[in-house]
Amino acid sequence: MVVKDAELPYLRRCVELAARALEVGDEPFGSVLVGAGGTVLAEDHNRVASGDRTRHPEFELARWSAARLTPEERAAATVYTSGEHCPMCAAAHAWVGLGRIVYVASSEQLSSWLAELGVPAPPVRTLPINGVAPGVQVEGPVPELAEEVRALHHRFHRGER
(Lines give C-alpha, C1' and ligand atoms only; values in the text may rest on other atoms or scores of the structure.)
Protein backbone atom coordinates (compact mmCIF):
# COMPACT_ATOMS: atom_id res chain seq x y z
CA MET A 1 0.00 0.00 0.00
CA VAL A 2 1.34 3.41 -0.96
CA VAL A 3 -0.58 5.90 1.17
CA LYS A 4 1.60 8.84 2.10
CA ASP A 5 1.40 10.68 5.43
CA ALA A 6 0.29 13.78 3.50
CA GLU A 7 -2.81 11.84 2.40
CA LEU A 8 -3.99 10.99 5.91
CA PRO A 9 -5.84 14.32 6.37
CA TYR A 10 -8.04 13.48 3.34
CA LEU A 11 -8.78 10.06 4.82
CA ARG A 12 -9.50 11.57 8.23
CA ARG A 13 -11.96 13.91 6.52
CA CYS A 14 -13.67 10.85 5.01
CA VAL A 15 -14.08 9.41 8.50
CA GLU A 16 -15.51 12.76 9.68
CA LEU A 17 -17.98 12.73 6.80
CA ALA A 18 -18.95 9.15 7.66
CA ALA A 19 -19.57 10.27 11.24
CA ARG A 20 -21.69 13.14 9.91
CA ALA A 21 -23.76 10.66 7.89
CA LEU A 22 -24.32 8.64 11.06
CA GLU A 23 -25.37 11.78 12.98
CA VAL A 24 -28.13 12.44 10.44
CA GLY A 25 -29.32 8.83 10.53
CA ASP A 26 -27.52 7.43 7.53
CA GLU A 27 -25.02 4.65 6.97
CA PRO A 28 -21.51 5.89 7.82
CA PHE A 29 -19.66 6.41 4.56
CA GLY A 30 -17.79 9.54 3.45
CA SER A 31 -15.65 10.45 0.44
CA VAL A 32 -13.45 13.29 -0.78
CA LEU A 33 -12.39 14.08 -4.36
CA VAL A 34 -8.92 15.65 -4.56
CA GLY A 35 -7.38 17.20 -7.65
CA ALA A 36 -3.85 16.55 -8.91
CA GLY A 37 -2.50 19.55 -7.00
CA GLY A 38 -3.94 18.43 -3.67
CA THR A 39 -6.99 20.70 -3.67
CA VAL A 40 -10.23 19.24 -2.32
CA LEU A 41 -12.67 19.55 -5.23
CA ALA A 42 -15.78 18.00 -3.67
CA GLU A 43 -16.88 15.83 -0.78
CA ASP A 44 -20.01 14.00 0.29
CA HIS A 45 -21.42 11.44 2.69
CA ASN A 46 -23.96 8.66 2.34
CA ARG A 47 -27.56 9.72 1.73
CA VAL A 48 -29.31 6.37 1.26
CA ALA A 49 -31.69 6.88 4.21
CA SER A 50 -33.85 8.84 1.76
CA GLY A 51 -34.78 5.50 0.20
CA ASP A 52 -32.58 5.96 -2.88
CA ARG A 53 -29.91 3.29 -2.37
CA THR A 54 -27.76 4.80 -5.17
CA ARG A 55 -26.95 7.90 -3.09
CA HIS A 56 -23.45 6.71 -2.17
CA PRO A 57 -20.83 9.48 -1.87
CA GLU A 58 -18.50 7.79 -4.37
CA PHE A 59 -21.28 7.70 -6.97
CA GLU A 60 -22.13 11.35 -6.30
CA LEU A 61 -18.48 12.36 -6.73
CA ALA A 62 -18.32 10.47 -10.04
CA ARG A 63 -21.38 12.40 -11.24
CA TRP A 64 -19.97 15.69 -9.94
CA SER A 65 -16.64 15.14 -11.71
CA ALA A 66 -18.27 14.15 -15.01
CA ALA A 67 -20.22 17.42 -15.01
CA ARG A 68 -17.38 19.73 -13.97
CA LEU A 69 -13.95 18.31 -14.84
CA THR A 70 -12.17 17.58 -18.09
CA PRO A 71 -11.20 13.98 -18.81
CA GLU A 72 -7.60 14.87 -17.97
CA GLU A 73 -8.57 16.43 -14.63
CA ARG A 74 -10.66 13.38 -13.74
CA ALA A 75 -7.83 10.99 -14.59
CA ALA A 76 -5.41 12.96 -12.39
CA ALA A 77 -7.80 13.12 -9.41
CA THR A 78 -7.92 10.80 -6.40
CA VAL A 79 -11.02 9.65 -4.56
CA TYR A 80 -10.43 9.11 -0.85
CA THR A 81 -13.14 7.19 0.93
CA SER A 82 -13.97 5.62 4.26
CA GLY A 83 -14.95 2.30 2.67
CA GLU A 84 -13.99 0.45 -0.47
CA HIS A 85 -16.30 1.24 -3.39
CA CYS A 86 -19.23 -1.12 -3.95
CA PRO A 87 -19.59 -2.54 -7.50
CA MET A 88 -21.99 0.28 -8.50
CA CYS A 89 -19.56 2.98 -7.37
CA ALA A 90 -16.51 1.22 -8.83
CA ALA A 91 -18.27 1.07 -12.19
CA ALA A 92 -19.26 4.75 -12.04
CA HIS A 93 -15.67 5.67 -11.11
CA ALA A 94 -14.29 3.75 -14.09
CA TRP A 95 -16.96 4.96 -16.55
CA VAL A 96 -16.23 8.64 -15.85
CA GLY A 97 -12.46 8.05 -15.94
CA LEU A 98 -11.49 9.05 -12.41
CA GLY A 99 -7.98 8.24 -11.23
CA ARG A 100 -6.76 6.53 -8.11
CA ILE A 101 -8.92 5.33 -5.20
CA VAL A 102 -7.69 5.22 -1.60
CA TYR A 103 -9.98 3.62 0.98
CA VAL A 104 -9.77 3.19 4.75
CA ALA A 105 -11.69 -0.08 5.16
CA SER A 106 -12.06 -2.86 2.61
CA SER A 107 -15.32 -4.50 1.58
CA GLU A 108 -13.99 -7.69 3.13
CA GLN A 109 -13.46 -5.93 6.46
CA LEU A 110 -16.93 -4.37 6.33
CA SER A 111 -18.53 -7.71 5.52
CA SER A 112 -16.85 -9.33 8.52
CA TRP A 113 -17.87 -6.46 10.84
CA LEU A 114 -21.48 -6.71 9.69
CA ALA A 115 -21.46 -10.50 10.05
CA GLU A 116 -20.29 -10.03 13.67
CA LEU A 117 -23.45 -7.98 14.22
CA GLY A 118 -25.75 -10.40 12.41
CA VAL A 119 -26.54 -7.92 9.63
CA PRO A 120 -27.92 -9.67 6.51
CA ALA A 121 -25.78 -9.62 3.36
CA PRO A 122 -26.56 -6.83 0.88
CA PRO A 123 -28.59 -7.59 -2.28
CA VAL A 124 -25.51 -6.99 -4.46
CA ARG A 125 -22.40 -9.14 -4.22
CA THR A 126 -19.44 -7.42 -2.62
CA LEU A 127 -16.45 -7.40 -4.94
CA PRO A 128 -13.04 -5.76 -4.76
CA ILE A 129 -12.85 -2.60 -6.87
CA ASN A 130 -10.48 -4.20 -9.37
CA GLY A 131 -12.94 -7.06 -9.83
CA VAL A 132 -15.26 -4.48 -11.39
CA ALA A 133 -12.82 -1.85 -12.67
CA PRO A 134 -9.51 -3.61 -13.36
CA GLY A 135 -7.75 -0.53 -14.72
CA VAL A 136 -8.20 1.64 -11.61
CA GLN A 137 -5.25 2.11 -9.24
CA VAL A 138 -6.45 1.17 -5.74
CA GLU A 139 -4.78 1.62 -2.34
CA GLY A 140 -6.14 0.36 0.96
CA PRO A 141 -7.02 -0.55 3.57
CA VAL A 142 -5.46 2.02 5.90
CA PRO A 143 -5.04 0.33 9.32
CA GLU A 144 -4.46 3.62 11.19
CA LEU A 145 -8.12 4.61 10.65
CA ALA A 146 -9.93 1.30 10.11
CA GLU A 147 -10.93 0.90 13.77
CA GLU A 148 -12.69 4.28 13.70
CA VAL A 149 -14.69 3.20 10.66
CA ARG A 150 -15.51 -0.13 12.32
CA ALA A 151 -16.81 1.71 15.39
CA LEU A 152 -19.07 3.91 13.22
CA HIS A 153 -20.62 0.87 11.53
CA HIS A 154 -21.15 -0.84 14.87
CA ARG A 155 -22.89 2.29 16.18
CA PHE A 156 -25.12 2.49 13.10
CA HIS A 157 -26.23 -1.13 13.25
CA ARG A 158 -26.82 -0.94 16.99
CA GLY A 159 -29.01 2.14 16.48
CA GLU A 160 -26.57 4.47 18.25
CA ARG A 161 -26.34 7.81 16.51
# chains A, B, ... in the order shown; residues from 1 in each chain; ligands from 1
$ residues_around --residues "segment 49-66 of chain A" --least-positions-apart "4" --cutoff "8 Å" --atoms "only C-alpha atoms" --output "list of chain:residue names"
A:Gly25, A:Asp26, A:Glu27, A:Phe29, A:Gly30, A:Ser31, A:Val32, A:Leu33, A:Ala42, A:Glu43, A:Asp44, A:His45, A:Thr70, A:Arg74, A:Val79, A:Thr81, A:His85, A:Met88, A:Cys89, A:Ala92, A:His93, A:Val96, A:Leu98
$ select_by_dssp --residues "segment 67-124 of chain A" --states "strand (DSSP E or B)" --output "PDB file with N, CA, C and O atoms, in the first residue's frame"
ATOM      1  N   THR A  78      -7.867  11.954  -7.307  1.00  0.00           N
ATOM      2  CA  THR A  78      -7.923  10.805  -6.401  1.00  0.00           C
ATOM      3  C   THR A  78      -9.203  10.881  -5.590  1.00  0.00           C
ATOM      4  O   THR A  78      -9.571  11.956  -5.112  1.00  0.00           O
ATOM      5  N   VAL A  79      -9.863   9.748  -5.440  1.00  0.00           N
ATOM      6  CA  VAL A  79     -11.023   9.653  -4.555  1.00  0.00           C
ATOM      7  C   VAL A  79     -10.559   8.958  -3.286  1.00  0.00           C
ATOM      8  O   VAL A  79     -10.063   7.831  -3.322  1.00  0.00           O
ATOM      9  N   TYR A  80     -10.700   9.667  -2.172  1.00  0.00           N
ATOM     10  CA  TYR A  80     -10.428   9.108  -0.853  1.00  0.00           C
ATOM     11  C   TYR A  80     -11.768   8.750  -0.252  1.00  0.00           C
ATOM     12  O   TYR A  80     -12.736   9.511  -0.400  1.00  0.00           O
ATOM     13  N   THR A  81     -11.852   7.615   0.418  1.00  0.00           N
ATOM     14  CA  THR A  81     -13.138   7.186   0.927  1.00  0.00           C
ATOM     15  C   THR A  81     -12.998   6.321   2.172  1.00  0.00           C
ATOM     16  O   THR A  81     -11.972   5.668   2.357  1.00  0.00           O
ATOM     17  N   SER A  82     -14.016   6.373   3.010  1.00  0.00           N
ATOM     18  CA  SER A  82     -13.967   5.624   4.260  1.00  0.00           C
ATOM     19  C   SER A  82     -14.088   4.127   4.026  1.00  0.00           C
ATOM     20  O   SER A  82     -13.565   3.330   4.806  1.00  0.00           O
ATOM     21  N   GLY A  83     -14.781   3.722   2.966  1.00  0.00           N
ATOM     22  CA  GLY A  83     -14.953   2.304   2.668  1.00  0.00           C
ATOM     23  C   GLY A  83     -14.730   2.029   1.199  1.00  0.00           C
ATOM     24  O   GLY A  83     -15.018   2.871   0.351  1.00  0.00           O
ATOM     25  N   ILE A 101      -8.026   5.440  -6.343  1.00  0.00           N
ATOM     26  CA  ILE A 101      -8.923   5.328  -5.198  1.00  0.00           C
ATOM     27  C   ILE A 101      -8.094   4.919  -3.991  1.00  0.00           C
ATOM     28  O   ILE A 101      -7.273   3.998  -4.075  1.00  0.00           O
ATOM     29  N   VAL A 102      -8.319   5.594  -2.864  1.00  0.00           N
ATOM     30  CA  VAL A 102      -7.689   5.219  -1.601  1.00  0.00           C
ATOM     31  C   VAL A 102      -8.808   5.048  -0.582  1.00  0.00           C
ATOM     32  O   VAL A 102      -9.582   5.977  -0.356  1.00  0.00           O
ATOM     33  N   TYR A 103      -8.907   3.865   0.016  1.00  0.00           N
ATOM     34  CA  TYR A 103      -9.977   3.623   0.982  1.00  0.00           C
ATOM     35  C   TYR A 103      -9.414   3.211   2.338  1.00  0.00           C
ATOM     36  O   TYR A 103      -8.346   2.623   2.429  1.00  0.00           O
ATOM     37  N   VAL A 104     -10.171   3.530   3.393  1.00  0.00           N
ATOM     38  CA  VAL A 104      -9.771   3.188   4.754  1.00  0.00           C
ATOM     39  C   VAL A 104     -10.052   1.721   5.033  1.00  0.00           C
ATOM     40  O   VAL A 104      -9.171   0.975   5.452  1.00  0.00           O
ATOM     41  N   ALA A 105     -11.291   1.295   4.833  1.00  0.00           N
ATOM     42  CA  ALA A 105     -11.693  -0.079   5.158  1.00  0.00           C
ATOM     43  C   ALA A 105     -12.119  -0.812   3.891  1.00  0.00           C
ATOM     44  O   ALA A 105     -12.826  -0.259   3.047  1.00  0.00           O
TER      45      ALA A 105
END
$ atom_distance --atom1 "atom CA of Arg68 of chain A" --atom2 "atom CA of Pro87 of chain A"
23.3 Å
$ residues_around --residues "Ala90 of chain A" --least-positions-apart "4" --cutoff "7 Å" --atoms "only C-alpha atoms" --output "PDB file with N, CA, C and O atoms, in the first residue's frame"
ATOM      1  N   HIS A  85     -15.155   1.059  -2.503  1.00  0.00           N
ATOM      2  CA  HIS A  85     -16.304   1.235  -3.392  1.00  0.00           C
ATOM      3  C   HIS A  85     -17.071  -0.083  -3.561  1.00  0.00           C
ATOM      4  O   HIS A  85     -16.466  -1.142  -3.729  1.00  0.00           O
ATOM      5  N   CYS A  86     -18.389   0.016  -3.579  1.00  0.00           N
ATOM      6  CA  CYS A  86     -19.228  -1.122  -3.945  1.00  0.00           C
ATOM      7  C   CYS A  86     -19.120  -1.287  -5.474  1.00  0.00           C
ATOM      8  O   CYS A  86     -18.571  -0.414  -6.161  1.00  0.00           O
ATOM      9  N   ALA A  94     -14.983   4.138 -12.858  1.00  0.00           N
ATOM     10  CA  ALA A  94     -14.290   3.754 -14.093  1.00  0.00           C
ATOM     11  C   ALA A  94     -14.935   4.385 -15.321  1.00  0.00           C
ATOM     12  O   ALA A  94     -14.227   4.870 -16.212  1.00  0.00           O
ATOM     13  N   ILE A 129     -12.736  -3.594  -5.793  1.00  0.00           N
ATOM     14  CA  ILE A 129     -12.846  -2.596  -6.868  1.00  0.00           C
ATOM     15  C   ILE A 129     -12.287  -3.132  -8.174  1.00  0.00           C
ATOM     16  O   ILE A 129     -12.922  -3.025  -9.217  1.00  0.00           O
ATOM     17  N   VAL A 132     -14.279  -5.201 -10.576  1.00  0.00           N
ATOM     18  CA  VAL A 132     -15.264  -4.484 -11.393  1.00  0.00           C
ATOM     19  C   VAL A 132     -14.563  -3.551 -12.371  1.00  0.00           C
ATOM     20  O   VAL A 132     -14.943  -3.448 -13.532  1.00  0.00           O
ATOM     21  N   ALA A 133     -13.543  -2.859 -11.888  1.00  0.00           N
ATOM     22  CA  ALA A 133     -12.820  -1.849 -12.672  1.00  0.00           C
ATOM     23  C   ALA A 133     -11.323  -2.179 -12.629  1.00  0.00           C
ATOM     24  O   ALA A 133     -10.576  -1.593 -11.846  1.00  0.00           O
TER      25      ALA A 133
END
$ closest_residue --among "A:Gly118, A:Pro134, A:Gly140, A:Gly159" --to "Lys4 of chain A" --atoms "only C-alpha atoms"
A:Gly140
$ decode --residues "segment 49-60 of chain A" --atoms "all heavy atoms" --output "PDB file, in the first residue's frame"
ATOM      1  N   ALA A  49     -30.531   6.928   3.311  1.00  0.00           N
ATOM      2  CA  ALA A  49     -31.687   6.877   4.213  1.00  0.00           C
ATOM      3  C   ALA A  49     -32.928   7.475   3.563  1.00  0.00           C
ATOM      4  O   ALA A  49     -34.048   7.203   3.991  1.00  0.00           O
ATOM      5  CB  ALA A  49     -31.374   7.597   5.530  1.00  0.00           C
ATOM      6  N   SER A  50     -32.729   8.254   2.498  1.00  0.00           N
ATOM      7  CA  SER A  50     -33.852   8.843   1.764  1.00  0.00           C
ATOM      8  C   SER A  50     -34.674   7.775   1.042  1.00  0.00           C
ATOM      9  O   SER A  50     -35.760   8.052   0.578  1.00  0.00           O
ATOM     10  CB  SER A  50     -33.329   9.844   0.732  1.00  0.00           C
ATOM     11  OG  SER A  50     -32.601   9.148  -0.282  1.00  0.00           O
ATOM     12  N   GLY A  51     -34.119   6.568   0.933  1.00  0.00           N
ATOM     13  CA  GLY A  51     -34.778   5.495   0.199  1.00  0.00           C
ATOM     14  C   GLY A  51     -34.126   5.221  -1.145  1.00  0.00           C
ATOM     15  O   GLY A  51     -34.348   4.185  -1.758  1.00  0.00           O
ATOM     16  N   ASP A  52     -33.300   6.145  -1.629  1.00  0.00           N
ATOM     17  CA  ASP A  52     -32.578   5.964  -2.882  1.00  0.00           C
ATOM     18  C   ASP A  52     -31.232   5.325  -2.552  1.00  0.00           C
ATOM     19  O   ASP A  52     -30.302   6.004  -2.120  1.00  0.00           O
ATOM     20  CB  ASP A  52     -32.387   7.314  -3.582  1.00  0.00           C
ATOM     21  CG  ASP A  52     -31.655   7.197  -4.913  1.00  0.00           C
ATOM     22  OD1 ASP A  52     -31.116   6.102  -5.226  1.00  0.00           O
ATOM     23  OD2 ASP A  52     -31.596   8.209  -5.630  1.00  0.00           O
ATOM     24  N   ARG A  53     -31.120   4.029  -2.746  1.00  0.00           N
ATOM     25  CA  ARG A  53     -29.908   3.286  -2.370  1.00  0.00           C
ATOM     26  C   ARG A  53     -28.717   3.583  -3.284  1.00  0.00           C
ATOM     27  O   ARG A  53     -27.638   3.053  -3.064  1.00  0.00           O
ATOM     28  CB  ARG A  53     -30.199   1.781  -2.344  1.00  0.00           C
ATOM     29  CG  ARG A  53     -31.324   1.365  -1.403  1.00  0.00           C
ATOM     30  CD  ARG A  53     -30.991   1.515   0.051  1.00  0.00           C
ATOM     31  NE  ARG A  53     -29.878   0.671   0.413  1.00  0.00           N
ATOM     32  CZ  ARG A  53     -29.251   0.736   1.570  1.00  0.00           C
ATOM     33  NH1 ARG A  53     -29.625   1.588   2.491  1.00  0.00           N
ATOM     34  NH2 ARG A  53     -28.231  -0.045   1.819  1.00  0.00           N
ATOM     35  N   THR A  54     -28.892   4.418  -4.312  1.00  0.00           N
ATOM     36  CA  THR A  54     -27.760   4.799  -5.166  1.00  0.00           C
ATOM     37  C   THR A  54     -27.054   6.053  -4.663  1.00  0.00           C
ATOM     38  O   THR A  54     -26.084   6.489  -5.277  1.00  0.00           O
ATOM     39  CB  THR A  54     -28.197   5.031  -6.627  1.00  0.00           C
ATOM     40  OG1 THR A  54     -29.037   6.183  -6.691  1.00  0.00           O
ATOM     41  CG2 THR A  54     -28.902   3.818  -7.196  1.00  0.00           C
ATOM     42  N   ARG A  55     -27.505   6.640  -3.568  1.00  0.00           N
ATOM     43  CA  ARG A  55     -26.948   7.902  -3.086  1.00  0.00           C
ATOM     44  C   ARG A  55     -25.674   7.699  -2.259  1.00  0.00           C
ATOM     45  O   ARG A  55     -25.513   8.236  -1.178  1.00  0.00           O
ATOM     46  CB  ARG A  55     -27.989   8.677  -2.288  1.00  0.00           C
ATOM     47  CG  ARG A  55     -29.223   9.107  -3.048  1.00  0.00           C
ATOM     48  CD  ARG A  55     -29.014  10.201  -4.084  1.00  0.00           C
ATOM     49  NE  ARG A  55     -28.269  11.344  -3.607  1.00  0.00           N
ATOM     50  CZ  ARG A  55     -28.790  12.411  -3.020  1.00  0.00           C
ATOM     51  NH1 ARG A  55     -30.084  12.493  -2.821  1.00  0.00           N
ATOM     52  NH2 ARG A  55     -28.022  13.404  -2.636  1.00  0.00           N
ATOM     53  N   HIS A  56     -24.754   6.913  -2.805  1.00  0.00           N
ATOM     54  CA  HIS A  56     -23.452   6.710  -2.173  1.00  0.00           C
ATOM     55  C   HIS A  56     -22.554   7.902  -2.503  1.00  0.00           C
ATOM     56  O   HIS A  56     -22.634   8.444  -3.616  1.00  0.00           O
ATOM     57  CB  HIS A  56     -22.786   5.444  -2.704  1.00  0.00           C
ATOM     58  CG  HIS A  56     -23.523   4.187  -2.388  1.00  0.00           C
ATOM     59  ND1 HIS A  56     -22.968   2.950  -2.642  1.00  0.00           N
ATOM     60  CD2 HIS A  56     -24.746   3.944  -1.841  1.00  0.00           C
ATOM     61  CE1 HIS A  56     -23.813   2.011  -2.270  1.00  0.00           C
ATOM     62  NE2 HIS A  56     -24.908   2.589  -1.785  1.00  0.00           N
ATOM     63  N   PRO A  57     -21.672   8.311  -1.586  1.00  0.00           N
ATOM     64  CA  PRO A  57     -20.832   9.477  -1.870  1.00  0.00           C
ATOM     65  C   PRO A  57     -19.888   9.269  -3.056  1.00  0.00           C
ATOM     66  O   PRO A  57     -19.638  10.205  -3.815  1.00  0.00           O
ATOM     67  CB  PRO A  57     -20.058   9.690  -0.569  1.00  0.00           C
ATOM     68  CG  PRO A  57     -20.103   8.390   0.143  1.00  0.00           C
ATOM     69  CD  PRO A  57     -21.402   7.749  -0.260  1.00  0.00           C
ATOM     70  N   GLU A  58     -19.413   8.046  -3.255  1.00  0.00           N
ATOM     71  CA  GLU A  58     -18.501   7.786  -4.373  1.00  0.00           C
ATOM     72  C   GLU A  58     -19.209   7.967  -5.711  1.00  0.00           C
ATOM     73  O   GLU A  58     -18.630   8.484  -6.667  1.00  0.00           O
ATOM     74  CB  GLU A  58     -17.932   6.357  -4.282  1.00  0.00           C
ATOM     75  CG  GLU A  58     -17.273   6.032  -2.965  1.00  0.00           C
ATOM     76  CD  GLU A  58     -18.238   5.490  -1.907  1.00  0.00           C
ATOM     77  OE1 GLU A  58     -19.468   5.492  -2.122  1.00  0.00           O
ATOM     78  OE2 GLU A  58     -17.736   5.066  -0.855  1.00  0.00           O
ATOM     79  N   PHE A  59     -20.471   7.549  -5.756  1.00  0.00           N
ATOM     80  CA  PHE A  59     -21.277   7.699  -6.966  1.00  0.00           C
ATOM     81  C   PHE A  59     -21.561   9.177  -7.230  1.00  0.00           C
ATOM     82  O   PHE A  59     -21.480   9.655  -8.364  1.00  0.00           O
ATOM     83  CB  PHE A  59     -22.577   6.906  -6.799  1.00  0.00           C
ATOM     84  CG  PHE A  59     -23.275   6.583  -8.089  1.00  0.00           C
ATOM     85  CD1 PHE A  59     -22.853   5.528  -8.873  1.00  0.00           C
ATOM     86  CD2 PHE A  59     -24.365   7.323  -8.507  1.00  0.00           C
ATOM     87  CE1 PHE A  59     -23.503   5.205 -10.056  1.00  0.00           C
ATOM     88  CE2 PHE A  59     -25.025   7.017  -9.686  1.00  0.00           C
ATOM     89  CZ  PHE A  59     -24.595   5.960 -10.471  1.00  0.00           C
ATOM     90  N   GLU A  60     -21.879   9.909  -6.167  1.00  0.00           N
ATOM     91  CA  GLU A  60     -22.134  11.352  -6.297  1.00  0.00           C
ATOM     92  C   GLU A  60     -20.885  12.087  -6.784  1.00  0.00           C
ATOM     93  O   GLU A  60     -20.975  12.997  -7.615  1.00  0.00           O
ATOM     94  CB  GLU A  60     -22.605  11.940  -4.962  1.00  0.00           C
ATOM     95  CG  GLU A  60     -23.931  11.382  -4.472  1.00  0.00           C
ATOM     96  CD  GLU A  60     -25.128  11.748  -5.338  1.00  0.00           C
ATOM     97  OE1 GLU A  60     -25.101  12.790  -6.018  1.00  0.00           O
ATOM     98  OE2 GLU A  60     -26.105  10.974  -5.325  1.00  0.00           O
TER      99      GLU A  60
END
